[in-house]
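Visitor: Sharing work-v7.csv below, CSV, C-alpha atoms:
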```
chain,number,residue,atom,x,y,z
L,1,MET,CA,-11.5,-10.2,-16.2
L,2,THR,CA,-14.7,-9.8,-18.1
L,3,ASP,CA,-15.6,-6.1,-17.8
L,4,ASP,CA,-17.3,-4.7,-20.8
L,5,VAL,CA,-15.3,-1.5,-20.8
L,6,LYS,CA,-14.3,0.8,-23.6
L,7,PRO,CA,-11.6,3.5,-23.8
L,8,GLY,CA,-12.2,6.8,-22.0
L,9,SER,CA,-9.3,9.1,-21.5
L,10,ILE,CA,-7.0,6.0,-21.6
L,11,GLY,CA,-6.7,3.2,-24.1
L,12,ARG,CA,-7.8,5.1,-27.2
L,13,GLY,CA,-7.0,3.2,-30.3
L,14,GLU,CA,-6.7,0.0,-28.2
L,15,PRO,CA,-2.9,-0.1,-28.2
L,16,LEU,CA,-2.9,-3.4,-26.2
L,17,LYS,CA,-5.2,-5.3,-28.6
L,18,GLY,CA,-3.9,-8.8,-29.0
L,19,ALA,CA,-2.1,-8.8,-25.6
L,20,HIS,CA,-2.9,-11.5,-23.0
L,21,LEU,CA,-1.9,-9.9,-19.7
L,22,THR,CA,-2.0,-11.5,-16.2
L,23,VAL,CA,-2.5,-9.0,-13.4
L,24,THR,CA,-1.6,-9.9,-9.8
L,25,SER,CA,-1.9,-8.4,-6.3
L,26,LYS,CA,-1.6,-9.3,-2.7
L,27,SER,CA,-4.7,-10.2,-0.7
L,28,PHE,CA,-5.6,-7.1,1.3
L,29,THR,CA,-8.2,-4.6,0.3
L,30,GLU,CA,-6.1,-1.9,-1.2
L,31,GLN,CA,-4.1,-4.4,-3.3
L,32,LEU,CA,-7.3,-6.0,-4.6
L,33,ILE,CA,-8.6,-2.6,-5.7
L,34,LEU,CA,-5.3,-1.6,-7.3
L,35,GLY,CA,-5.1,-4.9,-9.1
L,36,SER,CA,-8.6,-4.4,-10.4
L,37,ILE,CA,-7.8,-0.8,-11.5
L,38,MET,CA,-4.8,-2.1,-13.5
L,39,GLY,CA,-6.7,-4.9,-15.1
L,40,ILE,CA,-9.6,-2.6,-16.1
L,41,ALA,CA,-7.2,-0.2,-17.6
L,42,PHE,CA,-5.6,-3.0,-19.7
L,43,GLU,CA,-9.1,-4.2,-20.8
L,44,ALA,CA,-10.1,-0.7,-22.0
L,45,ALA,CA,-6.9,-0.6,-24.0
L,46,GLY,CA,-7.9,-3.9,-25.8
L,47,ALA,CA,-6.0,-6.6,-23.8
L,48,GLU,CA,-7.4,-9.8,-22.6
L,49,VAL,CA,-6.7,-9.9,-18.9
L,50,ILE,CA,-6.3,-12.9,-16.5
L,51,ASP,CA,-7.1,-12.0,-12.9
L,52,ARG,CA,-4.5,-13.4,-10.4
L,53,THR,CA,-5.2,-10.8,-7.7
L,54,GLY,CA,-5.4,-11.9,-4.1
L,55,ILE,CA,-2.2,-13.8,-3.6
L,56,GLN,CA,-1.3,-14.4,0.0
L,57,GLY,CA,1.7,-12.5,1.4
L,58,SER,CA,4.1,-10.1,-0.3
L,59,ILE,CA,6.5,-12.6,-1.9
L,60,GLY,CA,4.0,-14.5,-4.0
L,61,SER,CA,2.8,-11.6,-6.3
L,62,ARG,CA,6.3,-10.2,-6.6
L,63,GLU,CA,7.7,-13.5,-7.7
L,64,ALA,CA,4.9,-14.1,-10.2
L,65,VAL,CA,5.9,-10.8,-11.9
L,66,ARG,CA,9.7,-11.5,-11.7
L,67,LYS,CA,9.4,-15.0,-13.1
L,68,GLY,CA,6.9,-14.0,-15.8
L,69,ASP,CA,4.0,-16.1,-14.4
L,70,ALA,CA,2.2,-12.7,-14.1
L,71,ASP,CA,2.9,-9.6,-16.2
L,72,ALA,CA,2.1,-6.7,-13.8
L,73,GLY,CA,0.9,-5.5,-10.4
L,74,TYR,CA,1.0,-2.5,-8.1
L,75,GLU,CA,3.7,-2.8,-5.5
L,76,TYR,CA,5.2,-0.5,-2.9
L,77,THR,CA,8.6,1.1,-3.1
L,78,GLY,CA,9.5,0.6,0.5
L,79,THR,CA,8.6,-3.1,0.4
L,80,ALA,CA,10.7,-3.6,-2.7
L,81,TRP,CA,13.7,-1.7,-1.3
L,82,ILE,CA,13.8,-3.5,2.0
L,83,THR,CA,12.1,-6.9,1.5
L,84,TYR,CA,13.0,-7.8,-2.1
L,85,LEU,CA,16.2,-5.9,-2.7
L,86,GLY,CA,17.6,-6.5,0.8
L,87,ASN,CA,18.4,-2.9,2.0
L,88,SER,CA,18.2,-2.0,5.6
L,89,LYS,CA,17.8,1.7,5.5
L,90,PRO,CA,15.0,3.4,3.5
L,91,ILE,CA,15.7,6.5,1.5
L,92,PRO,CA,13.7,9.5,3.0
L,93,ASP,CA,12.9,11.3,-0.3
L,94,PRO,CA,10.0,9.4,-2.0
L,95,ARG,CA,11.2,10.1,-5.5
L,96,GLU,CA,14.7,9.1,-4.8
L,97,GLN,CA,13.4,5.9,-3.1
L,98,TRP,CA,11.4,5.1,-6.3
L,99,GLU,CA,14.4,5.8,-8.5
L,100,ALA,CA,16.7,3.6,-6.5
L,101,VAL,CA,14.2,0.7,-6.6
L,102,ARG,CA,13.7,1.2,-10.3
L,103,LYS,CA,17.5,1.1,-11.0
L,104,ASP,CA,18.2,-1.9,-8.7
L,105,ASP,CA,15.2,-4.0,-9.7
L,106,ALA,CA,16.0,-3.7,-13.4
L,107,ARG,CA,18.6,-6.4,-13.0
L,108,ASN,CA,15.8,-8.7,-11.8
L,109,GLY,CA,13.8,-8.3,-15.0
L,110,VAL,CA,11.3,-6.0,-13.3
L,111,THR,CA,10.6,-2.5,-14.6
L,112,TRP,CA,8.9,0.1,-12.3
L,113,LEU,CA,6.6,2.7,-13.9
L,114,GLN,CA,5.9,6.2,-12.5
L,115,PRO,CA,4.8,6.1,-8.8
L,116,ALA,CA,1.6,7.4,-7.2
L,117,GLU,CA,1.4,9.9,-4.3
L,118,LEU,CA,-0.4,7.1,-2.5
L,119,ASN,CA,1.9,6.2,0.4
L,120,ASN,CA,0.7,3.3,2.3
L,121,THR,CA,3.1,3.4,5.2
L,122,TYR,CA,2.8,2.3,8.8
L,123,ALA,CA,1.5,4.5,11.7
L,124,LEU,CA,0.2,4.3,15.2
L,125,ALA,CA,-3.3,5.5,15.9
L,126,MET,CA,-5.6,5.9,18.9
L,127,ASN,CA,-9.2,6.8,19.6
L,128,GLN,CA,-10.1,10.4,20.4
L,129,GLU,CA,-10.8,9.7,24.1
L,130,ASN,CA,-7.2,8.4,24.6
L,131,ALA,CA,-5.9,11.2,22.4
L,132,ARG,CA,-7.4,13.7,24.8
L,133,LYS,CA,-6.3,11.7,27.8
L,134,TYR,CA,-2.7,11.3,26.9
L,135,GLY,CA,-2.2,14.2,24.5
L,136,THR,CA,0.3,12.4,22.2
L,137,LYS,CA,0.6,13.6,18.7
L,138,THR,CA,3.9,12.2,17.5
L,139,LEU,CA,5.8,8.9,18.0
L,140,SER,CA,8.3,10.8,20.1
L,141,ASP,CA,5.4,11.6,22.4
L,142,VAL,CA,4.5,7.9,22.5
L,143,ALA,CA,8.1,7.1,23.5
L,144,GLU,CA,7.9,9.7,26.3
L,145,LEU,CA,4.6,8.2,27.5
L,146,ALA,CA,6.2,4.7,27.5
L,147,LYS,CA,8.9,6.1,29.9
L,148,SER,CA,6.7,8.1,32.2
L,149,ASP,CA,3.7,5.7,32.4
L,150,PRO,CA,4.8,2.3,31.0
L,151,GLY,CA,1.4,0.6,31.3
L,152,ALA,CA,-0.3,3.4,29.3
L,153,ALA,CA,1.5,2.9,26.0
L,154,SER,CA,0.0,-0.5,25.1
L,155,LEU,CA,0.2,-1.6,21.5
L,156,CYS,CA,-1.8,-3.8,19.2
L,157,VAL,CA,0.2,-4.9,16.2
L,158,GLU,CA,0.3,-7.5,13.4
L,159,VAL,CA,2.6,-10.4,13.6
L,160,GLU,CA,4.6,-9.2,10.6
L,161,PHE,CA,5.0,-5.7,11.9
L,162,ALA,CA,6.2,-7.1,15.2
L,163,ASN,CA,9.1,-8.8,13.5
L,164,ARG,CA,10.0,-6.6,10.6
L,165,ALA,CA,13.1,-4.4,10.7
L,166,ASP,CA,11.0,-1.6,9.3
L,167,GLY,CA,8.3,-2.3,11.9
L,168,LEU,CA,8.1,-2.5,15.6
L,169,PRO,CA,11.8,-3.4,16.5
L,170,GLY,CA,13.1,-0.6,14.3
L,171,MET,CA,10.6,1.9,15.5
L,172,GLN,CA,11.3,1.3,19.1
L,173,LYS,CA,15.1,1.6,18.4
L,174,ALA,CA,14.7,4.8,16.4
L,175,TYR,CA,12.6,6.5,19.0
L,176,GLY,CA,14.2,5.1,22.1
L,177,MET,CA,10.8,3.5,22.8
L,178,ASN,CA,10.6,0.7,25.3
L,179,VAL,CA,7.2,-0.9,25.5
L,180,PRO,CA,7.2,-4.0,27.7
L,181,ALA,CA,6.4,-7.2,25.9
L,182,ARG,CA,3.4,-7.8,28.2
L,183,ASP,CA,1.9,-4.6,26.8
L,184,ILE,CA,2.3,-5.6,23.1
L,185,THR,CA,-0.5,-7.8,21.7
L,186,GLN,CA,-0.2,-9.4,18.2
L,187,MET,CA,-3.4,-9.8,16.2
L,188,ASP,CA,-4.9,-9.8,12.7
L,189,THR,CA,-5.0,-6.5,10.9
L,190,GLY,CA,-8.8,-5.9,11.0
L,191,ILE,CA,-9.1,-6.5,14.7
L,192,ILE,CA,-6.4,-3.9,15.4
L,193,TYR,CA,-8.6,-1.0,14.2
L,194,THR,CA,-11.6,-2.1,16.3
L,195,GLN,CA,-9.4,-2.7,19.4
L,196,ALA,CA,-7.8,0.7,19.1
L,197,ALA,CA,-11.2,2.3,18.5
L,198,LYS,CA,-12.6,0.7,21.7
L,199,GLY,CA,-9.4,1.6,23.6
L,200,SER,CA,-8.6,-2.0,24.4
L,201,CYS,CA,-5.0,-1.1,23.4
L,202,THR,CA,-3.9,2.6,23.5
L,203,TYR,CA,-2.2,2.5,20.2
L,204,GLY,CA,-2.9,0.3,17.1
L,205,GLU,CA,-0.6,-0.2,14.2
L,206,VAL,CA,-2.5,1.1,11.1
L,207,TYR,CA,-1.8,1.8,7.5
L,208,THR,CA,-2.0,5.4,6.5
L,209,THR,CA,-4.4,4.8,3.5
L,210,ASP,CA,-6.9,2.6,5.4
L,211,GLY,CA,-10.4,3.8,5.2
L,212,ARG,CA,-11.1,2.7,8.8
L,213,ILE,CA,-9.0,5.6,10.1
L,214,ASN,CA,-11.7,8.1,9.0
L,215,SER,CA,-14.7,5.9,9.7
L,216,MET,CA,-13.5,5.1,13.2
L,217,ASN,CA,-12.3,8.7,13.8
L,218,LEU,CA,-8.8,7.6,14.9
L,219,ALA,CA,-6.0,10.0,15.7
L,220,VAL,CA,-2.8,9.1,13.8
L,221,MET,CA,0.6,9.8,15.4
L,222,ASP,CA,3.1,11.8,13.3
L,223,ASP,CA,6.3,9.9,12.4
L,224,ASP,CA,8.3,13.0,13.4
L,225,ARG,CA,11.7,11.3,12.9
L,226,LYS,CA,10.7,9.9,9.5
L,227,PHE,CA,11.5,6.4,10.5
L,228,PHE,CA,9.0,4.5,8.4
L,229,PRO,CA,9.9,4.0,4.8
L,230,ASN,CA,7.9,5.5,1.9
L,231,TYR,CA,5.6,2.9,0.5
L,232,ASN,CA,4.5,4.7,-2.7
L,233,ALA,CA,2.4,2.4,-4.9
L,234,ALA,CA,3.8,2.0,-8.5
L,235,PRO,CA,3.3,-0.5,-11.3
L,236,MET,CA,5.9,-3.2,-11.4
L,237,ILE,CA,6.0,-4.8,-14.9
L,238,ASN,CA,7.8,-7.8,-16.1
L,239,THR,CA,10.5,-6.2,-18.4
L,240,ASN,CA,10.0,-8.7,-21.3
L,241,THR,CA,6.2,-7.9,-21.2
L,242,LEU,CA,6.9,-4.2,-21.3
L,243,LYS,CA,9.3,-4.6,-24.2
L,244,GLU,CA,6.6,-6.4,-26.2
L,245,TRP,CA,3.8,-4.0,-25.1
L,246,PRO,CA,5.4,-0.6,-24.4
L,247,ALA,CA,2.0,1.1,-24.5
L,248,ILE,CA,1.4,-0.3,-21.0
L,249,ALA,CA,3.2,2.7,-19.6
L,250,ASP,CA,1.0,5.2,-21.5
L,251,VAL,CA,-2.1,3.4,-20.3
L,252,LEU,CA,-1.2,3.2,-16.6
L,253,ASP,CA,0.7,6.5,-16.0
L,254,PRO,CA,-2.4,8.8,-16.0
L,255,VAL,CA,-4.3,6.4,-13.7
L,256,THR,CA,-1.4,6.1,-11.2
L,257,ALA,CA,-1.1,9.9,-11.2
L,258,LYS,CA,-4.6,10.2,-9.7
L,259,LEU,CA,-3.9,7.8,-6.8
L,260,ASP,CA,-3.2,9.5,-3.5
L,261,ASN,CA,-4.0,8.8,0.2
L,262,ALA,CA,-7.3,10.6,0.1
L,263,VAL,CA,-8.5,8.5,-2.9
L,264,ALA,CA,-7.1,5.3,-1.3
L,265,ARG,CA,-8.9,5.9,2.1
L,266,LYS,CA,-12.2,6.6,0.2
L,267,LEU,CA,-12.0,3.5,-2.0
L,268,ASN,CA,-10.7,1.3,0.8
L,269,ALA,CA,-13.6,2.4,3.1
L,270,LYS,CA,-16.1,1.4,0.5
L,271,VAL,CA,-14.9,-2.2,0.9
L,272,ASP,CA,-13.8,-2.4,4.6
L,273,VAL,CA,-16.6,-0.2,6.0
L,274,ASP,CA,-19.5,-0.4,3.5
L,275,GLY,CA,-18.9,-4.0,2.4
L,276,GLU,CA,-18.7,-3.4,-1.3
L,277,ASP,CA,-16.8,-5.6,-3.7
L,278,PRO,CA,-13.2,-4.5,-4.4
L,279,HIS,CA,-13.5,-5.0,-8.2
L,280,GLN,CA,-16.8,-3.1,-8.4
L,281,VAL,CA,-15.2,-0.2,-6.4
L,282,ALA,CA,-12.3,-0.1,-8.8
L,283,LEU,CA,-14.6,-0.1,-11.8
L,284,ASP,CA,-16.9,2.6,-10.4
L,285,TRP,CA,-13.8,4.8,-9.8
L,286,MET,CA,-12.4,4.2,-13.2
L,287,VAL,CA,-15.7,5.3,-14.8
L,288,GLU,CA,-16.2,8.3,-12.5
L,289,GLU,CA,-12.7,9.5,-13.4
L,290,GLY,CA,-13.4,9.2,-17.1
L,291,PHE,CA,-10.6,6.7,-17.6
L,292,VAL,CA,-13.0,4.1,-19.1
L,293,LYS,CA,-16.5,3.9,-20.4
L,294,GLU,CA,-19.0,1.1,-19.8
```
Reformat the file's structure so that it appears as structure tokens.

Guide:
Amino acid sequence: MTDDVKPGSIGRGEPLKGAHLTVTSKSFTEQLILGSIMGIAFEAAGAEVIDRTGIQGSIGSREAVRKGDADAGYEYTGTAWITYLGNSKPIPDPREQWEAVRKDDARNGVTWLQPAELNNTYALAMNQENARKYGTKTLSDVAELAKSDPGAASLCVEVEFANRADGLPGMQKAYGMNVPARDITQMDTGIIYTQAAKGSCTYGEVYTTDGRINSMNLAVMDDDRKFFPNYNAAPMINTNTLKEWPAIADVLDPVTAKLDNAVARKLNAKVDVDGEDPHQVALDWMVEEGFVKE
């Protein structure tokens, strides 16, 4: 990263001067923004930063941090608990979920810093016309609709969601929901939002922090049985890196504390709706918040 940034409210005294830090992320919009935010914070604190954001899939960026090929990235507590640490049941309380992840992942050489309020979990959403037509507000309502009018509760979902224990199979089991296979269409993430907005499928699988929810005026169903895990974003740091550069925590904690779902939807929309560059969106936000100066 080659941003010409100086310390604002973070990075004063350049406590990371002399550090060479590699930042990673997954390849979707929010992750690209979060990876850039982290890298910019490190730059302001004096570090030289190598940008390895945009790695395909969940495992790649995680393994890079665990093995030491990368030093840090924002990850989600629910993903770590279920996908990386092999647990089947999420912990309902967000703080307890983070604490459990932090404790268990320590043995893998990964240290988790303080979590954000930003909770990028799954949801089902529909357009306003269908919301008025069917009147569903919760996932329990969707399950009832699937029983009373099976053809009405059609779903558009990602391939990964269709096969994950914390995705469609688990959701259907938890809610006693039985949507026939013929009414479930698997497709790429971006297309799901447009198809749900058009009403091609009644419900689309969405992420709760996605900017397209607001821009397309989608109605999100409440997870009234709290099935979906908490996916709070938090920095995962290679433990050896953190031992060498403990100031990383002081640099990142104030930034993470500002990240919530409203901020995420706003920043994500700048990329997914307005077509802006993720890194520039991250930089503009860091400057607006006073974390760094240009």

Visitor: List every protein, DNA or RNA residue that has an atom no more than 6 Å from (-15.5, -1.6, -12.8) in the file's coordinate frame, counting all atoms listed in the file, and report them as a PDB file with C-alpha atoms, in the frame of the given file.

Guide:
```
ATOM      1  CA  GLN L 280     -16.800  -3.100  -8.400  1.00  0.00           C
ATOM      2  CA  ALA L 282     -12.300  -0.100  -8.800  1.00  0.00           C
ATOM      3  CA  LEU L 283     -14.600  -0.100 -11.800  1.00  0.00           C
ATOM      4  CA  ASP L 284     -16.900   2.600 -10.400  1.00  0.00           C
TER       5      ASP L 284
END
```

Visitor: I need the residue nearest Arg66 in chain L from this list: L:Met177, L:Ile237, L:Leu118, L:Ala162. Use all atoms listed in the file for the distance.

Guide: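 Among L:Met177, L:Ile237, L:Leu118, L:Ala162, it is L:Ile237 that comes nearest to Arg66 in chain L.
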
Visitor: For range 196-208 of chain L, work out the shell of residues within 7 Å, counting only C-alpha atoms and skipping chain neighbours fewer than 6 positions away, then give it as a ChimeraX atom specification.

Guide: /L:120-127,130,152-157,216,218

Visitor: Let's have the selection written as a PDB file, in the frame of the given file, with C-alpha atoms.

Guide:
```
ATOM      1  CA  ASN L 120       0.700   3.300   2.300  1.00  0.00           C
ATOM      2  CA  THR L 121       3.100   3.400   5.200  1.00  0.00           C
ATOM      3  CA  TYR L 122       2.800   2.300   8.800  1.00  0.00           C
ATOM      4  CA  ALA L 123       1.500   4.500  11.700  1.00  0.00           C
ATOM      5  CA  LEU L 124       0.200   4.300  15.200  1.00  0.00           C
ATOM      6  CA  ALA L 125      -3.300   5.500  15.900  1.00  0.00           C
ATOM      7  CA  MET L 126      -5.600   5.900  18.900  1.00  0.00           C
ATOM      8  CA  ASN L 127      -9.200   6.800  19.600  1.00  0.00           C
ATOM      9  CA  ASN L 130      -7.200   8.400  24.600  1.00  0.00           C
ATOM     10  CA  ALA L 152      -0.300   3.400  29.300  1.00  0.00           C
ATOM     11  CA  ALA L 153       1.500   2.900  26.000  1.00  0.00           C
ATOM     12  CA  SER L 154       0.000  -0.500  25.100  1.00  0.00           C
ATOM     13  CA  LEU L 155       0.200  -1.600  21.500  1.00  0.00           C
ATOM     14  CA  CYS L 156      -1.800  -3.800  19.200  1.00  0.00           C
ATOM     15  CA  VAL L 157       0.200  -4.900  16.200  1.00  0.00           C
ATOM     16  CA  MET L 216     -13.500   5.100  13.200  1.00  0.00           C
ATOM     17  CA  LEU L 218      -8.800   7.600  14.900  1.00  0.00           C
TER      18      LEU L 218
END
```

Visitor: In terms of the shortest atom-to-atom distance over all atoms listed in the file, which of L:Ile33, L:Ile213, L:Met171, L:Ala247 is closest to Gly13 in chain L?

Guide: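 Comparing L:Ile33, L:Ile213, L:Met171, L:Ala247 against Gly13 in chain L, the winner is L:Ala247.
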
Visitor: Can you tell me, as a short mmCIF file (atom, residue, chain, number, x, y, z; two decimals) with C-alpha atoms, keeping the file's coordinate frame, what residues are no more than 9 Å from Ser88 in chain L when counting all atoms listed in the file, ignoring any on the same chain fewer than 4 positions away?

Guide:
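Produced file part.cif, reproduced below:
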```cif
data_model
loop_
_atom_site.label_atom_id
_atom_site.label_comp_id
_atom_site.auth_asym_id
_atom_site.auth_seq_id
_atom_site.Cartn_x
_atom_site.Cartn_y
_atom_site.Cartn_z
CA TRP L 81 13.70 -1.70 -1.30
CA ILE L 82 13.80 -3.50 2.00
CA THR L 83 12.10 -6.90 1.50
CA ALA L 165 13.10 -4.40 10.70
CA ASP L 166 11.00 -1.60 9.30
#
```

Visitor: State, in Å with one decimal place, the distance from CA of Gly11 in chain L to CA of Asn232 in chain L.

Guide: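 Computing the Euclidean distance for CA of Gly11 in chain L and CA of Asn232 in chain L yields 24.2 Å.
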
Visitor: Using all atoms listed in the file, find the one residue out of L:Arg182, L:Asn214, L:Phe227, L:Ile40 that sits nearest to Gln128 in chain L.

Guide: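 Using all atoms listed in the file, Gln128 in chain L sits closest to L:Asn214.
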